[in-house]
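The structure file run_28.txt is reproduced below (compact mmCIF, C-alpha atoms and all ligand atoms).
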```
# COMPACT_ATOMS: atom_id res chain seq x y z
CA MET A 24 101.55 77.60 123.92
CA ASP A 25 100.07 76.39 120.63
CA LYS A 26 101.26 72.86 121.40
CA PHE A 27 99.64 72.97 124.86
CA GLN A 28 96.37 74.22 123.37
CA GLN A 29 96.46 71.44 120.79
CA TRP A 30 97.22 68.86 123.49
CA LEU A 31 94.24 70.08 125.51
CA ILE A 32 91.92 69.87 122.51
CA ASN A 33 93.15 66.41 121.45
CA SER A 34 93.93 64.64 124.71
CA SER A 35 92.44 66.41 127.71
CA GLU A 36 89.31 64.23 127.85
CA ASP A 37 91.41 61.04 128.17
CA PHE A 38 93.72 62.76 130.63
CA GLN A 39 90.72 63.97 132.66
CA PHE A 40 89.61 60.35 133.07
CA ILE A 41 93.07 59.27 134.34
CA LEU A 42 93.30 62.36 136.58
CA PHE A 43 89.87 61.68 138.09
CA PHE A 44 90.52 58.04 139.00
CA GLY A 45 94.16 58.62 140.03
CA LEU A 46 93.17 61.43 142.38
CA LEU A 47 90.08 59.58 143.62
CA PHE A 48 92.15 56.59 144.77
CA LEU A 49 94.86 58.83 146.24
CA LEU A 50 92.30 60.82 148.25
CA ILE A 51 90.49 57.67 149.43
CA ALA A 52 93.86 56.44 150.76
CA LEU A 53 94.52 59.81 152.41
CA GLU A 54 91.06 59.80 153.99
CA TYR A 55 91.94 56.52 155.68
CA ILE A 56 95.30 57.82 156.89
CA ILE A 57 94.57 61.45 157.91
CA ALA A 58 90.76 61.63 158.20
CA PHE A 59 89.56 65.01 159.49
CA ARG A 60 86.19 63.75 160.79
CA LYS A 61 84.73 60.31 161.48
CA VAL A 62 82.65 59.14 158.50
CA LYS A 63 80.49 56.13 157.70
CA ARG A 64 81.03 54.63 154.27
CA GLY A 65 79.05 51.40 153.56
CA LYS A 66 75.73 52.02 151.85
CA ARG A 67 76.44 55.74 151.60
CA TRP A 68 79.36 55.08 149.27
CA LEU A 69 77.35 52.68 147.13
CA THR A 70 74.62 55.33 146.80
CA ASN A 71 77.02 58.13 145.93
CA PHE A 72 78.83 56.12 143.26
CA VAL A 73 75.59 54.74 141.73
CA MET A 74 74.26 58.34 141.55
CA THR A 75 77.46 59.20 139.66
CA LEU A 76 76.93 56.43 137.13
CA ILE A 77 73.34 57.58 136.54
CA SER A 78 74.55 61.16 136.08
CA ILE A 79 77.22 60.03 133.58
CA PHE A 80 74.49 58.36 131.49
CA ALA A 81 72.39 61.56 131.71
CA MET A 82 75.38 63.60 130.53
CA MET A 83 76.02 61.20 127.64
CA ALA A 84 72.38 61.50 126.61
CA MET A 85 72.60 65.31 126.41
CA PRO A 86 73.02 66.31 122.74
CA VAL A 87 74.87 69.54 123.64
CA SER A 88 77.61 70.50 126.08
CA PHE A 89 79.68 73.57 126.99
CA ILE A 90 82.37 72.28 124.61
CA THR A 91 80.02 71.91 121.61
CA ALA A 92 78.63 75.40 122.33
CA ALA A 93 82.17 76.85 122.50
CA ARG A 94 83.11 75.12 119.21
CA TYR A 95 80.02 76.58 117.55
CA ALA A 96 80.80 80.10 118.84
CA SER A 97 84.41 79.81 117.69
CA ASP A 98 83.46 78.58 114.17
CA LYS A 99 80.95 81.44 113.78
CA LYS A 100 83.34 84.00 115.36
CA PHE A 101 80.57 84.71 117.80
CA GLY A 102 80.77 85.95 121.41
CA LEU A 103 82.83 88.47 123.39
CA LEU A 104 86.24 86.75 123.57
CA ASN A 105 86.01 85.59 119.94
CA SER A 106 85.56 89.21 118.84
CA ILE A 107 88.37 91.01 120.68
CA PRO A 108 92.07 90.31 120.00
CA LEU A 109 93.84 89.21 123.20
CA ASN A 110 97.18 87.53 123.82
CA TRP A 111 97.04 83.96 125.13
CA PHE A 112 97.68 84.94 128.74
CA ALA A 113 94.87 87.52 128.91
CA LEU A 114 92.57 85.11 127.06
CA LEU A 115 93.39 82.32 129.52
CA LEU A 116 92.94 84.55 132.57
CA PHE A 117 89.62 86.09 131.49
CA SER A 118 88.30 82.80 130.23
CA LEU A 119 89.05 80.86 133.43
CA LEU A 120 87.59 83.65 135.57
CA LEU A 121 84.44 83.84 133.43
CA ARG A 122 84.04 80.05 133.39
CA GLY A 123 84.41 80.17 137.18
CA PHE A 124 81.67 82.79 137.24
CA ILE A 125 79.30 80.49 135.28
CA SER A 126 79.90 77.79 137.88
CA PHE A 127 79.39 80.24 140.78
CA PHE A 128 76.24 81.69 139.19
CA THR A 129 74.57 78.33 138.38
CA HIS A 130 75.36 77.07 141.89
CA TYR A 131 73.98 80.29 143.43
CA LEU A 132 70.78 79.90 141.39
CA ALA A 133 70.56 76.24 142.49
CA HIS A 134 70.32 77.47 146.09
CA LYS A 135 67.97 80.40 145.42
CA ILE A 136 65.46 79.04 142.86
CA PRO A 137 63.20 76.51 144.63
CA LEU A 138 62.74 74.30 141.54
CA ILE A 139 66.51 73.89 141.00
CA TRP A 140 67.14 73.54 144.74
CA ARG A 141 64.91 70.45 144.78
CA VAL A 142 67.43 68.85 142.40
CA HIS A 143 70.63 70.28 143.88
CA ARG A 144 69.66 69.32 147.45
CA VAL A 145 70.45 65.66 146.57
CA HIS A 146 74.11 66.74 146.79
CA HIS A 147 73.46 68.43 150.16
CA LEU A 148 71.38 65.59 151.63
CA ASP A 149 74.57 63.62 152.29
CA THR A 150 74.86 63.83 156.09
CA GLU A 151 78.61 63.31 155.88
CA MET A 152 81.23 64.65 153.52
CA ASP A 153 84.10 62.87 151.86
CA VAL A 154 85.45 62.38 148.36
CA SER A 155 82.36 60.31 147.40
CA THR A 156 80.12 63.36 148.07
CA ASN A 157 81.81 65.12 145.16
CA VAL A 158 80.20 62.76 142.67
CA ARG A 159 76.75 62.58 144.27
CA PHE A 160 74.31 64.51 142.08
CA HIS A 161 70.80 64.06 140.76
CA PRO A 162 70.98 63.49 136.97
CA PHE A 163 68.64 66.47 136.40
CA GLU A 164 71.33 68.77 137.80
CA PHE A 165 73.45 68.40 134.63
CA ILE A 166 70.45 69.37 132.52
CA PHE A 167 69.88 72.58 134.53
CA ASN A 168 73.59 73.46 134.52
CA THR A 169 73.90 72.88 130.78
CA LEU A 170 70.76 74.88 129.94
CA ILE A 171 71.82 77.84 132.10
CA GLY A 172 75.51 77.71 131.10
CA ILE A 173 75.29 77.33 127.30
CA PRO A 174 73.79 80.78 126.51
CA ILE A 175 76.47 82.38 128.74
CA ILE A 176 79.25 80.40 126.96
CA LEU A 177 77.90 81.59 123.59
CA ILE A 178 77.63 85.25 124.67
CA LEU A 179 81.10 85.25 126.23
CA GLY A 180 82.68 83.23 123.39
CA LEU A 181 84.91 81.19 125.72
CA PRO A 182 87.61 79.27 123.75
CA VAL A 183 87.39 75.47 123.72
CA TRP A 184 90.95 74.90 125.01
CA THR A 185 90.42 77.12 128.08
CA LEU A 186 87.19 75.26 128.91
CA MET A 187 89.10 71.99 128.72
CA LEU A 188 91.78 73.34 131.04
CA TYR A 189 89.06 74.51 133.44
CA GLU A 190 87.58 70.98 133.48
CA LEU A 191 90.98 69.57 134.55
CA LEU A 192 91.18 72.19 137.32
CA ASP A 193 87.57 71.46 138.31
CA VAL A 194 88.19 67.70 138.63
CA THR A 195 91.29 68.31 140.75
CA VAL A 196 89.95 71.05 143.02
CA THR A 197 86.45 69.62 143.61
CA LEU A 198 87.76 66.14 144.46
CA ILE A 199 90.20 67.65 146.97
CA SER A 200 87.70 70.19 148.39
CA HIS A 201 85.11 67.49 149.16
CA SER A 202 87.57 65.08 150.70
CA ASN A 203 87.64 64.39 154.42
CA ILE A 204 91.02 65.96 155.03
CA SER A 205 92.24 69.33 156.25
CA LEU A 206 95.28 71.06 154.79
CA PRO A 207 98.03 72.35 157.11
CA LYS A 208 96.85 75.70 158.53
CA ARG A 209 99.69 77.70 156.98
CA ILE A 210 98.80 76.45 153.49
CA GLU A 211 95.03 76.68 154.09
CA ASN A 212 95.17 80.32 155.25
CA VAL A 213 96.78 81.45 151.97
CA LEU A 214 95.44 78.94 149.45
CA ARG A 215 91.76 79.53 150.33
CA TYR A 216 91.93 82.98 148.68
CA ILE A 217 93.12 81.44 145.39
CA LEU A 218 91.51 77.99 145.20
CA VAL A 219 88.61 76.33 147.03
CA THR A 220 89.97 74.23 149.92
CA PRO A 221 88.36 71.40 151.97
CA ASP A 222 87.93 73.70 155.03
CA LEU A 223 86.18 76.30 152.88
CA HIS A 224 83.88 73.91 151.05
CA ARG A 225 82.91 72.00 154.21
CA ILE A 226 81.19 75.21 155.37
CA HIS A 227 78.98 75.01 152.27
CA HIS A 228 77.88 71.52 153.41
CA SER A 229 76.96 72.71 156.93
CA SER A 230 73.29 72.08 157.78
CA TYR A 231 73.06 75.59 159.28
CA GLN A 232 71.52 77.54 156.42
CA PRO A 233 73.44 80.83 156.81
CA GLU A 234 76.54 78.63 156.23
CA THR A 235 75.01 76.43 153.48
CA ASP A 236 74.35 79.57 151.43
CA THR A 237 78.02 80.59 151.29
CA ASN A 238 81.14 79.51 149.38
CA PHE A 239 79.41 78.70 146.08
CA GLY A 240 82.64 78.67 144.04
CA ALA A 241 83.86 75.27 142.84
CA VAL A 242 87.42 76.09 141.75
CA PHE A 243 88.08 79.79 142.47
CA PRO A 244 86.71 81.58 145.57
CA ILE A 245 87.06 84.99 143.86
CA TRP A 246 83.37 85.37 142.97
CA ASP A 247 82.37 84.56 146.56
CA ILE A 248 84.78 87.27 147.70
CA VAL A 249 83.36 89.75 145.14
CA PHE A 250 79.70 88.97 145.97
CA ARG A 251 80.35 88.68 149.72
CA THR A 252 79.34 85.03 150.07
CA PHE A 253 82.85 84.02 151.15
CA LYS A 254 82.90 82.49 154.66
CA THR A 255 85.84 81.09 156.61
CA ASN A 256 84.42 80.68 160.13
CA THR A 257 81.58 78.51 161.43
CA LYS A 258 79.13 78.63 164.35
CA THR A 259 80.22 75.16 165.53
CA GLU A 260 83.69 73.62 165.45
CA PRO A 261 84.42 72.23 161.92
CA LYS A 262 85.10 68.78 163.39
CA GLU A 263 81.73 68.75 165.20
CA MET A 264 79.37 70.76 163.00
CA GLN A 265 76.36 69.00 161.52
CA LEU A 266 76.62 68.37 157.77
CA GLY A 267 73.76 67.74 155.32
CA LEU A 268 70.33 69.30 155.67
CA GLU A 269 68.21 69.83 158.78
CA GLU A 270 65.16 68.51 156.92
CA VAL A 271 66.15 64.85 156.53
CA ARG A 272 68.60 63.14 158.85
CA ASP A 273 67.69 59.45 158.61
CA GLU A 274 68.78 56.53 156.40
CA LYS A 275 66.53 57.69 153.52
CA VAL A 276 69.30 60.00 152.35
CA ASN A 277 71.19 56.91 151.19
CA ASN A 278 68.29 55.27 149.38
CA ILE A 279 68.87 55.63 145.63
CA LEU A 280 65.22 55.43 144.57
CA TRP A 281 64.16 57.90 147.26
CA LEU A 282 66.91 60.31 146.13
CA LEU A 283 65.92 60.04 142.47
CA LEU A 284 62.31 60.87 143.40
CA SER A 285 63.22 63.46 146.05
CA PRO A 286 62.88 66.51 143.71
CA PHE A 287 59.14 65.73 143.64
CA LYS A 288 58.87 65.54 147.43
CA ASN A 289 58.17 68.39 149.83
CA PHE A 290 59.99 68.39 153.09
CA LYS A 291 59.95 70.81 155.94
CA LYS A 292 62.49 71.17 158.69
CA ASN A 293 62.41 68.18 161.07
CA ASP A 294 59.57 66.60 159.06
CA GLU A 295 59.21 62.92 159.88
CA ASN A 296 56.64 62.19 157.15
CA ASN A 297 58.55 62.51 153.88
ZN ZN A 301 75.35 73.73 146.98
```

Could I get this structure in the form of structure tokens?
Ligand SMILES: [Zn+2]
Amino acid sequence: MDKFQQWLINSSEDFQFILFFGLLFLLIALEYIIAFRKVKRGKRWLTNFVMTLISIFAMMAMPVSFITAARYASDKKFGLLNSIPLNWFALLLFSLLLRGFISFFTHYLAHKIPLIWRVHRVHHLDTEMDVSTNVRFHPFEFIFNTLIGIPIILILGLPVWTLMLYELLDVTVTLISHSNISLPKRIENVLRYILVTPDLHRIHHSSYQPETDTNFGAVFPIWDIVFRTFKTNTKTEPKEMQLGLEEVRDEKVNNILWLLLSPFKNFKKNDENN
């Protein structure tokens, strides 16, 4: 186990890069072969990938991250898991579950706090969903997530190597869960209680708000199950249901400048003047 921990600390960032692009190309190919719904790519794809590049620059500009916070807590022997002796398995289990909780909690807040929603809604304004949606975020979103997550990382004392393992799981699961595919029903019906699946996450992208405000988990659905925000059925057929937000349905949602400025805009349902 020590060797695996060391590998994660030394090499997981390079591996994460390979994993991301390998899986991205594999899922793009799968979306062409076994697409679940009809999607338009074109300008939408350009927008989603340019938003990713902008977010990567925003992340690089941030002087702190979850990893630097975890290193600090570990050096100072600070935080819950740094203070109680646990074997590697218990440490791994608690740490992954707690890291999953941070993700669930920040995502829940992004839907419930109007100021953060203005930023997070860039992700939801995509009127379609495929693997490119996974990387469509406003750059401010990383700032909110980092500011909310760091104090929790410090208090919980999550070990660096478990955070790195979580990132690898996050890349894998979120790319798959946003992709325009559907897993075979027999796998889906079991897997969705352990990991977030495409059928489960598509419900979160429904424009019908009682569905949008469900399935907040990114990797593990357990916190949605615990807090009763877990949803497996939809009002409309998954192949037909409207994705995105009711508020804006036109081409603006693929305009990069409009998206970057959208947190400062007010829009009401079916508002034509935004
Ligand atoms: Zn969301």

Quiz item: Neighbours of ligand ZN 301 (chain A) within 9 Å, counting only C-alpha atoms and all ligand atoms, as a list in words?
Solution: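 Sorted by chain and then by number, the residues are His130, Tyr131, Ala133, His134, Trp140, His143, Arg144, His146, His147, His227, His228, Thr235, Asp236, Thr237, Asn238 and Phe239 of chain A.
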
Which protein, DNA or RNA residues have an atom at most 9 Å from (76.8, 62.1, 150.1), counting all atoms listed in the file? List them as a short mmCIF file (atom, residue, chain, number, x, y, z; two decimals) with C-alpha atoms, keeping the file's coordinate frame.
```cif
data_model
loop_
_atom_site.label_atom_id
_atom_site.label_comp_id
_atom_site.auth_asym_id
_atom_site.auth_seq_id
_atom_site.Cartn_x
_atom_site.Cartn_y
_atom_site.Cartn_z
CA ARG A 67 76.44 55.74 151.60
CA TRP A 68 79.36 55.08 149.27
CA THR A 70 74.62 55.33 146.80
CA ASN A 71 77.02 58.13 145.93
CA VAL A 145 70.45 65.66 146.57
CA HIS A 146 74.11 66.74 146.79
CA HIS A 147 73.46 68.43 150.16
CA LEU A 148 71.38 65.59 151.63
CA ASP A 149 74.57 63.62 152.29
CA THR A 150 74.86 63.83 156.09
CA GLU A 151 78.61 63.31 155.88
CA MET A 152 81.23 64.65 153.52
CA ASP A 153 84.10 62.87 151.86
CA VAL A 154 85.45 62.38 148.36
CA SER A 155 82.36 60.31 147.40
CA THR A 156 80.12 63.36 148.07
CA ASN A 157 81.81 65.12 145.16
CA VAL A 158 80.20 62.76 142.67
CA ARG A 159 76.75 62.58 144.27
CA PHE A 160 74.31 64.51 142.08
CA GLY A 267 73.76 67.74 155.32
CA VAL A 276 69.30 60.00 152.35
CA ASN A 277 71.19 56.91 151.19
#
```

Quiz item: Which is closest to Thr129 in chain A among A:Ile32, A:Leu46, A:Ile175, A:Leu186, if we use all atoms listed in the file?
Solution: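 Comparing A:Ile32, A:Leu46, A:Ile175, A:Leu186 against Thr129 in chain A, the winner is A:Ile175.
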
Self-check item: Nearest residue to Val142 in chain A from the set A:Lys99, A:His161, A:Arg60, A:Arg272 (distances using only C-alpha atoms)
Solution: A:His161

Quiz item: For Ile199 in chain A, which residue among A:His224, A:Phe72, A:Arg64, A:Leu120 is the nearest when counting all atoms listed in the file?
Solution: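 Residue with the minimum atom-to-atom distance to Ile199 in chain A: A:His224.
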
Axis-aligned box for all listed atoms of range 31-47 of chain A, 8 Å per side, centre and edges in Å to one decimal, as lines of an AutoDock Vina configuration file:
```
center_x = 91.8
center_y = 64.1
center_z = 132.5
size_x = 20.9
size_y = 28.0
size_z = 38.2
```

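Distance-wise, CA of Phe167 in chain A and CA of Ile139 in chain A end up 7.4 Å apart.
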
Practice problem: For CA of Lys100 in chain A and CA of Val183 in chain A, determine how far apart the two atoms are, in Å to one decimal place. | Solution: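 According to the coordinates, CA of Lys100 in chain A and CA of Val183 in chain A are separated by 12.6 Å.
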
Exercise. Would you kindly identify which residues have an atom no farther than 12 Å from (96.0, 59.8, 150.4), using all atoms listed in the file and the file's own coordinates, and write them out as an MDAnalysis selection string?
Key: chainID A and resid 45:58 154 198:199 202:205

Quiz item: How far is it from CA of Phe101 in chain A to CA of Gly180 in chain A, in Å with one decimal?
Solution: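 Atom-to-atom, CA of Phe101 in chain A to CA of Gly180 in chain A, that is 6.2 Å.
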
Self-check item: Nearest residue to Met85 in chain A from the set A:Val194, A:Leu218, A:Ile226, A:Ile166 (distances using only C-alpha atoms)
Solution: A:Ile166

Quiz prompt | Shell around Gln39 in chain A at 9 Å using only C-alpha atoms, local window under 5 positions removed, as a list of chain:residue names | solution = A:Ser34, A:Phe44, A:Glu190, A:Leu191, A:Val194

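Residues in contact with Pro174 in chain A at up to 12 Å, not including ones fewer than 2 positions away on its chain and judged by all atoms listed in the file, are Val87, Ser88, Phe89, Thr91, Ala92, Ala93, Tyr95, Ala96, Phe101, Gly102, Ile125, Asn168, Thr169, Leu170, Ile171, Gly172, Ile176, Leu177, Ile178, Leu179, Gly180 and Leu181 of chain A.
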
Exercise. Identify which of the residues A:Trp246, A:Phe163, A:Glu260, A:Leu103 lies closest to Met82 in chain A, counting all atoms listed in the file when measuring atom-to-atom distances.
Key: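 Using all atoms listed in the file, Met82 in chain A sits closest to A:Phe163.
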
Writing C-alpha atoms and nothing else, produce range 128-209 of chain A as a tab-separated table (two decimals), in the first residue's frame.
```tsv
chain	number	residue	atom	x	y	z
A	128	PHE	CA	-22.18	19.95	-0.20
A	129	THR	CA	-20.54	22.57	-2.47
A	130	HIS	CA	-22.77	21.48	-5.37
A	131	TYR	CA	-25.87	21.65	-3.13
A	132	LEU	CA	-24.88	25.18	-2.03
A	133	ALA	CA	-24.32	26.14	-5.69
A	134	HIS	CA	-28.00	25.35	-6.32
A	135	LYS	CA	-29.37	26.93	-3.13
A	136	ILE	CA	-27.33	30.15	-2.71
A	137	PRO	CA	-28.41	32.61	-5.44
A	138	LEU	CA	-24.96	34.22	-5.79
A	139	ILE	CA	-23.22	30.87	-6.42
A	140	TRP	CA	-26.09	29.64	-8.61
A	141	ARG	CA	-25.44	32.56	-10.99
A	142	VAL	CA	-21.99	31.05	-11.58
A	143	HIS	CA	-22.93	27.36	-11.52
A	144	ARG	CA	-25.86	27.86	-13.93
A	145	VAL	CA	-23.31	28.24	-16.78
A	146	HIS	CA	-22.90	24.45	-16.48
A	147	HIS	CA	-26.69	23.98	-16.55
A	148	LEU	CA	-27.34	26.41	-19.41
A	149	ASP	CA	-26.13	23.79	-21.89
A	150	THR	CA	-29.38	22.73	-23.58
A	151	GLU	CA	-27.89	19.36	-24.46
A	152	MET	CA	-25.68	16.99	-22.54
A	153	ASP	CA	-22.67	15.06	-23.70
A	154	VAL	CA	-19.07	14.57	-22.63
A	155	SER	CA	-18.27	18.22	-23.51
A	156	THR	CA	-20.79	19.41	-20.88
A	157	ASN	CA	-18.57	17.90	-18.19
A	158	VAL	CA	-15.89	20.52	-18.81
A	159	ARG	CA	-18.19	23.53	-19.24
A	160	PHE	CA	-17.86	25.75	-16.17
A	161	HIS	CA	-17.55	29.43	-15.42
A	162	PRO	CA	-14.01	30.13	-14.12
A	163	PHE	CA	-15.49	31.67	-10.92
A	164	GLU	CA	-16.88	28.26	-10.00
A	165	PHE	CA	-13.40	26.96	-9.10
A	166	ILE	CA	-12.89	29.94	-6.81
A	167	PHE	CA	-16.14	29.25	-4.92
A	168	ASN	CA	-15.44	25.52	-4.69
A	169	THR	CA	-11.90	26.09	-3.43
A	170	LEU	CA	-12.94	28.69	-0.85
A	171	ILE	CA	-15.75	26.50	0.52
A	172	GLY	CA	-13.77	23.23	0.36
A	173	ILE	CA	-10.42	24.26	1.89
A	174	PRO	CA	-11.66	24.92	5.47
A	175	ILE	CA	-13.47	21.55	5.40
A	176	ILE	CA	-10.29	19.78	4.15
A	177	LEU	CA	-8.31	21.38	6.99
A	178	ILE	CA	-10.88	20.48	9.67
A	179	LEU	CA	-11.20	16.89	8.43
A	180	GLY	CA	-7.45	16.47	7.82
A	181	LEU	CA	-7.92	14.45	4.61
A	182	PRO	CA	-4.63	12.78	3.51
A	183	VAL	CA	-3.03	13.99	0.28
A	184	TRP	CA	-2.86	10.53	-1.34
A	185	THR	CA	-6.59	9.86	-0.83
A	186	LEU	CA	-7.44	13.24	-2.37
A	187	MET	CA	-5.32	12.33	-5.38
A	188	LEU	CA	-7.10	9.00	-5.71
A	189	TYR	CA	-10.45	10.82	-5.47
A	190	GLU	CA	-9.40	13.13	-8.33
A	191	LEU	CA	-8.73	10.08	-10.55
A	192	LEU	CA	-12.16	8.68	-9.65
A	193	ASP	CA	-13.74	12.09	-10.24
A	194	VAL	CA	-12.23	12.44	-13.73
A	195	THR	CA	-13.40	8.94	-14.67
A	196	VAL	CA	-16.91	9.05	-13.20
A	197	THR	CA	-17.82	12.62	-14.22
A	198	LEU	CA	-16.68	12.14	-17.83
A	199	ILE	CA	-18.75	8.96	-18.08
A	200	SER	CA	-21.78	10.38	-16.22
A	201	HIS	CA	-22.04	13.40	-18.54
A	202	SER	CA	-21.62	11.41	-21.72
A	203	ASN	CA	-24.48	10.82	-24.13
A	204	ILE	CA	-24.69	7.09	-23.54
A	205	SER	CA	-26.82	4.82	-21.39
A	206	LEU	CA	-25.43	1.77	-19.63
A	207	PRO	CA	-27.16	-1.61	-20.02
A	208	LYS	CA	-30.15	-1.65	-17.64
A	209	ARG	CA	-28.86	-4.56	-15.57
```
